[in-house]
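*Asks:* Mind having a look at this structure? Questions to follow.
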Amino acid sequence: METYLLDWANLLLRWLHVIVAIAWIGSSFYFVFLDSSLTPPEDEGLRRDGATGELWAVHGGGFYHPVKYAVSPPKLPGHLHWFYWESYSTWLSGFALFLVSYLWSPKVYLIDPQVHAWSPPAAIATALAFLVVFWLAYDAICRTLGRTKNGDAKVGAAVALLVAAAALLATSLFAGRAAFLLVGAMIATAMSANVFFWIIQGQRKVVAALKAGQPVDPIHGQRGKQRSVHNTYFTLPVLFAMLSNHYSFTYAHPHNGWVLIGMMAAGAAIRQFFVLRHGFKLGRNPHPWPYAAAGVVLLLGLIVWLRPAPVAPASSATAAAPVSAAAVQAVLAQRCVMCHGEALQSKGVRLDSPAELQRHAQAVYQQAVVTKQMPMNNATGITDAERALIGQWFLAGAKAD
C-alpha cells in the first residue's frame with residue numbers, strides 16, 4: 001500500500017510541477033521577448049512620463065500595447081500584478097517530488113554503491129547541502145564580481161565553472177540519474193531564490209518608495225534585471241536535467257558528469273540564440289547564428305561520443321539456441337522479483353509467475369535490455385549476459401515454455 005500511495009503522490013506532484021513550471025517558464029520567456037523587442041515610445045506624452053519603451057502586438061483577435069517604465073511610472077495603478085507565485089509553486093512542488101521520489105528511498109534512487117557507498121542519512125544531507133551551498137556560492141559571485149568592470153561577463157564565467165564543478169562532484173557521489181536531477185534542482189533553487197530574495201524584494205522596495213512619495217533607487221531594477229537574465233539562461237539546462245531520467249544512455253555513461261556539462265552548455269547557447277534573435281530583428285544585435293551553431297555542434301558531438309559500441313554478431317549456434325521462459329524467470333527471481341513480486345508490486349508490476357512475465361514482457365525488454373534503467377542503479381548486479389538472455393527470449397516471441 002505504501003508503494004501504491006507513493007506512486008499516486010509522484011503522479012500528482014509531477015503533474016502539478018509541470019503545470020506551474022510551464023506558467024513560470026512561459027512568463028519568463030515572454031518578458032525576455034518583451035524587454036528585447038521594445039522600441040522608444042512614439043507618443044510624446046509617454047516620453048514625458050518617463051516611459052522607456054513600448055510594444056504593439058496582436059494576439060487572439062485583439063491588439064496589445066505594453067509600455068515599460070525603467071525606474072518608476074508617473075502614478076501607481078489601483079491593481080498591480082505580481083509575478084512570483086509561478087516560481088514559488090514550481091520550487092515547492094519540485095522539492096516535494098524530489099522528497100517522495102529520491103529522499104524517501106535513498107537506497108533505491110540516491111545511492112549507487114558502485115559510485116559511492118555511504119549511509120542514507122549522509123547521502124540525504126549531502127543532497128540537501130547541494131541546494132543550499134550552490135545558492136550561497138552563486139549569490140556571493142553575483143554580489144562581488146557583479147560590481148567590477150565587465151562584471152556580467154565575469155559573473156557568467158564564474159557561474160559556468162561553478163555549475164560544471166557541481167556537476168562533476170554530484171556524479172562522483174550519487175547515482176547518475178539522481179545526480180542529474182540534483183544538479184537541475186540545485187540550479188532551479190537558485191532561480192527561485194533569485195525571485196524571492198532579489199527580484200520581488202527589489203520590486204517591493206520600489207513600490208513602497210512610490211507610495212511614500214520618495215525617489216526610487218534604480219539599483220533595485222538593475223539587480224532584478226541581472227537575476228532575471230541569469231534565470232532565463234538557466235532554464236534550458238534545468239529542463240534537460242529534469243527530463244534526463246528518461247534517457248539512461250546519458251546519466252549511465254562512465255563520464256556522465258561531462259555529458260551533463262555538455263548538454264547544459266548546449267542548452268545555454270541555444271537560449272542565447274533566441275534571446276539575441278529578438279534584438280536582431282530590430283537591428284540591435286548581430287545575427288545570433290554562432291550561438292545556435294555552437295549548441296548544435298555540441299549536441300552532434302555528444303551524439304557521436306555516446307554512440308553505442310558495435311556488437312559482435314552472435315554465432316549461429318548461439319543464435320539458434322532457444323531461451324526458455326524458465327531461464328528468464330531464474331534471472332528475474334534473482335534480480336527483479338524483490339521489487340516486482342507478491343510482497344512488493346512496484347509500479348503495479350509482478351514478475352514472479354509465467355503469466356505475469358508474459359503480460360509485462362514488453363516492459364521488461366524495454367526497461368532491462370533497451371534502456372537498461374532497471375534494476376534501478378543496477379542495485380542487484382544484473383549482468384550484460386543476463387540482459388542479452390532476456391532480449392533473446394523477447395525477440396524470439398516471448399513464448400512460455
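A note on labels: chains of the C-alpha cells are A, B, ... as shown, every chain counts residues from 1, and ligands are counted from 1 in their shown order.
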Pull the closest atom pair for each residue of region 265-290 of chain A that gets at most 9 Å from region 220-244 of chain A, along with the distance in Å to one decimal, counting only C-alpha atoms, ordering rows by chain and then ascending residue number, as a tab-separated table.

*Replies:*
residue	atom	partner	partner_atom	distance
A:Ala265	CA	A:Pro237	CA	7.3
A:Ala266	CA	A:Pro237	CA	8.1
A:Gly267	CA	A:Leu236	CA	5.1
A:Ala268	CA	A:Tyr233	CA	5.4
A:Ala269	CA	A:Tyr233	CA	8.4
A:Ile270	CA	A:Leu236	CA	8.4
A:Arg271	CA	A:Tyr233	CA	6.2
A:Gln272	CA	A:Tyr233	CA	7.2
A:Val275	CA	A:Thr232	CA	8.9

*Asks:* When you draw a straight line from CA of Val133 (chain A) to CA of Gly94 (chain A), how long is it in Å?

*Replies:* 18.2 Å

*Asks:* So which residues touch region 24-27 of chain A within 6 Å, counting only C-alpha atoms, skipping near sequence neighbours fewer than 2 positions away, as an MDAnalysis selection string?

*Replies:* chainID A and resid 21:22 29:30 86:87

*Asks:* Select from region 258-382 of chain A everything DSSP, run on the backbone, classes as helix (DSSP H, G or I), then give the selection as a short mmCIF file (atom, residue, chain, number, x, y, z; two decimals) with C-alpha atoms, in the first residue's frame.

*Replies:*
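Once written, selection_39.cif looks like this:
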data_model
loop_
_atom_site.label_atom_id
_atom_site.label_comp_id
_atom_site.auth_asym_id
_atom_site.auth_seq_id
_atom_site.Cartn_x
_atom_site.Cartn_y
_atom_site.Cartn_z
CA TRP A 258 30.86 15.70 -18.76
CA VAL A 259 27.74 14.59 -20.60
CA LEU A 260 25.67 16.75 -18.25
CA ILE A 261 28.02 19.71 -18.69
CA GLY A 262 27.87 19.38 -22.47
CA MET A 263 24.08 19.20 -22.59
CA MET A 264 23.70 22.18 -20.27
CA ALA A 265 26.19 24.23 -22.29
CA ALA A 266 24.27 23.41 -25.48
CA GLY A 267 21.03 24.49 -23.80
CA ALA A 268 22.52 27.80 -22.66
CA ALA A 269 23.93 28.50 -26.14
CA ILE A 270 20.59 27.78 -27.81
CA ARG A 271 18.81 30.03 -25.30
CA GLN A 272 21.29 32.80 -26.10
CA PHE A 273 20.37 32.45 -29.78
CA PHE A 274 16.71 33.10 -29.04
CA VAL A 275 17.44 35.99 -26.68
CA LEU A 276 19.62 37.78 -29.23
CA ARG A 277 17.25 36.99 -32.07
CA HIS A 278 14.63 39.35 -30.63
CA GLY A 279 17.04 42.29 -30.78
CA PHE A 280 18.47 41.20 -34.13
CA TRP A 289 23.59 32.17 -35.57
CA PRO A 290 27.01 31.42 -33.98
CA TYR A 291 25.26 30.55 -30.71
CA ALA A 292 22.79 28.23 -32.42
CA ALA A 293 25.67 26.66 -34.34
CA ALA A 294 27.66 26.18 -31.13
CA GLY A 295 24.69 24.47 -29.47
CA VAL A 296 24.08 22.19 -32.44
CA VAL A 297 27.78 21.30 -32.73
CA LEU A 298 27.85 20.40 -29.04
CA LEU A 299 24.79 18.18 -29.44
CA LEU A 300 26.21 16.47 -32.53
CA GLY A 301 29.49 15.91 -30.70
CA LEU A 302 27.64 14.27 -27.82
CA ILE A 303 25.64 12.10 -30.22
CA VAL A 304 28.87 10.82 -31.79
CA TRP A 305 30.61 10.40 -28.44
CA SER A 316 24.98 -19.44 -35.49
CA ALA A 317 24.94 -21.91 -32.61
CA THR A 318 24.15 -19.19 -30.08
CA ALA A 319 21.57 -17.54 -32.30
CA ALA A 320 19.77 -20.80 -32.86
CA ALA A 325 10.89 -18.62 -20.11
CA ALA A 326 12.17 -20.59 -17.11
CA ALA A 327 15.71 -19.32 -17.75
CA VAL A 328 14.43 -15.73 -17.91
CA GLN A 329 12.42 -16.19 -14.72
CA ALA A 330 15.51 -17.51 -12.98
CA VAL A 331 17.26 -14.24 -13.80
CA LEU A 332 14.27 -12.14 -12.74
CA ALA A 333 13.92 -14.06 -9.47
CA GLN A 334 17.48 -13.07 -8.59
CA ARG A 335 17.47 -9.53 -9.95
CA SER A 346 6.41 -1.74 -7.51
CA LYS A 347 4.62 0.30 -10.21
CA GLY A 348 1.93 -2.39 -10.22
CA PRO A 354 4.92 -17.15 -16.18
CA ALA A 355 1.61 -15.38 -16.82
CA GLU A 356 2.81 -12.09 -15.28
CA LEU A 357 6.11 -12.34 -17.12
CA GLN A 358 4.35 -12.67 -20.46
CA ARG A 359 1.96 -9.85 -19.57
CA ALA A 361 7.31 -8.86 -21.46
CA GLN A 362 7.43 -5.65 -23.50
CA ALA A 363 8.12 -3.51 -20.41
CA VAL A 364 10.79 -5.93 -19.16
CA TYR A 365 12.55 -5.84 -22.52
CA GLN A 366 12.33 -2.06 -22.75
CA GLN A 367 13.50 -1.34 -19.19
CA ALA A 368 16.09 -4.09 -18.69
CA VAL A 369 17.52 -4.54 -22.19
CA VAL A 370 16.95 -1.42 -24.31
CA MET A 376 17.43 0.87 -10.56
CA ASN A 377 21.11 1.83 -10.41
CA ASN A 378 21.70 -1.88 -11.10
#

*Asks:* Just want the 7 Å neighbourhood of Leu173 (chain A), counted on only C-alpha atoms, with same-chain residues fewer than 4 positions away dropped. Output as a ChimeraX atom specification.

*Replies:* /A:115-116,169

*Asks:* Next, dump the selected residues to file, keeping only C-alpha atoms, as a short mmCIF file (atom, residue, chain, number, x, y, z; two decimals), in the first residue's frame.

*Replies:*
data_model
loop_
_atom_site.label_atom_id
_atom_site.label_comp_id
_atom_site.auth_asym_id
_atom_site.auth_seq_id
_atom_site.Cartn_x
_atom_site.Cartn_y
_atom_site.Cartn_z
CA VAL A 115 29.76 5.17 -7.41
CA HIS A 116 29.99 5.97 -3.70
CA LEU A 169 31.03 16.42 -7.88
#

*Asks:* I'd like the interatomic distance between CA of Lys372 (chain A) and CA of Ser119 (chain A), to a tenth of an Å.

*Replies:*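 Going from CA of Lys372 (chain A) over to CA of Ser119 (chain A) covers 25.1 Å.
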
*Asks:* Which of these, A:Pro254, A:Trp135, A:Thr171, A:Val100, has the shortest distance to Thr3 (chain A) once you count only C-alpha atoms?

*Replies:*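 With only C-alpha atoms as the atom set, the closest residue is A:Val100.
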
*Asks:* If we count only C-alpha atoms, what is near Val155 (chain A) at a cut-off of 10 Å, once residues fewer than 4 positions away on the same chain are taken out, given as a list in words?

*Replies:*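 Near neighbours after the sequence-gap exclusion: Tyr138, Ala140, Ile141, Cys142, Arg143, Thr144, Leu145, Gly146, Arg147, Thr148, Asn150, Gly151, Val159, Ala160, Leu161 and His230 of chain A.
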
*Asks:* Could those selected residues go to a file with N, CA and C atoms, as a PDB file, in the first residue's frame?

*Replies:*
ATOM      1  N   TYR A 138      26.687  30.957  -5.572  1.00  0.00           N
ATOM      2  CA  TYR A 138      26.228  31.732  -6.730  1.00  0.00           C
ATOM      3  C   TYR A 138      25.897  33.170  -6.321  1.00  0.00           C
ATOM      4  N   ALA A 140      27.053  34.842  -3.808  1.00  0.00           N
ATOM      5  CA  ALA A 140      28.291  35.559  -3.475  1.00  0.00           C
ATOM      6  C   ALA A 140      29.010  36.018  -4.738  1.00  0.00           C
ATOM      7  N   ILE A 141      28.999  35.194  -5.777  1.00  0.00           N
ATOM      8  CA  ILE A 141      29.621  35.579  -7.051  1.00  0.00           C
ATOM      9  C   ILE A 141      28.932  36.811  -7.624  1.00  0.00           C
ATOM     10  N   CYS A 142      27.614  36.801  -7.606  1.00  0.00           N
ATOM     11  CA  CYS A 142      26.865  37.943  -8.147  1.00  0.00           C
ATOM     12  C   CYS A 142      27.115  39.209  -7.343  1.00  0.00           C
ATOM     13  N   ARG A 143      27.201  39.093  -6.030  1.00  0.00           N
ATOM     14  CA  ARG A 143      27.405  40.264  -5.169  1.00  0.00           C
ATOM     15  C   ARG A 143      28.788  40.887  -5.362  1.00  0.00           C
ATOM     16  N   THR A 144      29.802  40.046  -5.570  1.00  0.00           N
ATOM     17  CA  THR A 144      31.180  40.545  -5.630  1.00  0.00           C
ATOM     18  C   THR A 144      31.605  40.886  -7.062  1.00  0.00           C
ATOM     19  N   LEU A 145      31.609  39.896  -7.945  1.00  0.00           N
ATOM     20  CA  LEU A 145      32.080  40.125  -9.312  1.00  0.00           C
ATOM     21  C   LEU A 145      31.149  41.031 -10.097  1.00  0.00           C
ATOM     22  N   GLY A 146      29.869  41.036  -9.731  1.00  0.00           N
ATOM     23  CA  GLY A 146      28.916  41.859 -10.461  1.00  0.00           C
ATOM     24  C   GLY A 146      29.187  43.345 -10.341  1.00  0.00           C
ATOM     25  N   ARG A 147      29.951  43.760  -9.356  1.00  0.00           N
ATOM     26  CA  ARG A 147      30.231  45.180  -9.144  1.00  0.00           C
ATOM     27  C   ARG A 147      31.506  45.634  -9.841  1.00  0.00           C
ATOM     28  N   THR A 148      32.250  44.703 -10.429  1.00  0.00           N
ATOM     29  CA  THR A 148      33.528  45.043 -11.040  1.00  0.00           C
ATOM     30  C   THR A 148      33.349  45.390 -12.511  1.00  0.00           C
ATOM     31  N   ASN A 150      33.296  44.945 -16.373  1.00  0.00           N
ATOM     32  CA  ASN A 150      32.865  43.766 -17.133  1.00  0.00           C
ATOM     33  C   ASN A 150      32.291  42.702 -16.205  1.00  0.00           C
ATOM     34  N   GLY A 151      31.529  43.189 -15.230  1.00  0.00           N
ATOM     35  CA  GLY A 151      31.014  42.287 -14.200  1.00  0.00           C
ATOM     36  C   GLY A 151      30.125  41.181 -14.727  1.00  0.00           C
ATOM     37  N   VAL A 159      29.983  31.519 -12.795  1.00  0.00           N
ATOM     38  CA  VAL A 159      28.816  30.661 -12.552  1.00  0.00           C
ATOM     39  C   VAL A 159      28.897  29.405 -13.416  1.00  0.00           C
ATOM     40  N   ALA A 160      29.358  29.542 -14.656  1.00  0.00           N
ATOM     41  CA  ALA A 160      29.515  28.368 -15.518  1.00  0.00           C
ATOM     42  C   ALA A 160      30.504  27.379 -14.908  1.00  0.00           C
ATOM     43  N   LEU A 161      31.616  27.881 -14.377  1.00  0.00           N
ATOM     44  CA  LEU A 161      32.592  26.997 -13.722  1.00  0.00           C
ATOM     45  C   LEU A 161      32.000  26.363 -12.468  1.00  0.00           C
ATOM     46  N   HIS A 230      19.920  35.886 -15.632  1.00  0.00           N
ATOM     47  CA  HIS A 230      20.518  34.608 -15.242  1.00  0.00           C
ATOM     48  C   HIS A 230      19.479  33.488 -15.293  1.00  0.00           C
TER      49      HIS A 230
END

*Asks:* Contacts of Gly213 (chain A) at 12 Å or less, counting only C-alpha atoms, minus same-chain residues fewer than 2 places along, as a ChimeraX atom specification?

*Replies:* /A:72,74-76,206-211,215-216

*Asks:* In Å, how far is it from CA of Leu182 (chain A) to CA of Ala170 (chain A)?

*Replies:*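 Rounded to one decimal, the two atoms are 7.6 Å apart.
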
*Asks:* Using only C-alpha atoms, which of the listed residues (A:Thr250, A:Ser28, A:Ser105, A:Thr90) sits closest to Ala185 (chain A)?

*Replies:*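 For Ala185 (chain A), the nearest of the candidates is A:Thr90.
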
*Asks:* Just checking: using only C-alpha atoms, which residue out of A:Pro40, A:Pro322, A:Gly257, A:Gly341 ends up closest to Ala178 (chain A)?

*Replies:*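 Under the stated criterion, the closest residue is A:Gly257.
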
*Asks:* Point out the residue among A:Trp104, A:Phe196, A:Trp15, A:Tyr4 with the least atom-to-atom distance to Trp85 (chain A), counting only C-alpha atoms.

*Replies:*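 Checking each candidate against Trp85 (chain A), we get A:Phe196 as the closest.
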
*Asks:* Excluding region 53-65 of chain A and residues on its chain fewer than 2 positions from it, collect all residues at most 9 Å away from it, counting only C-alpha atoms, and give them as a list in words.

*Replies:* Leu34, Asp35, Ser37, Leu38, Thr39, Pro40, Pro41, Glu42, Arg47, Ala51, Val67, Lys68, Tyr69 and Ala70 of chain A
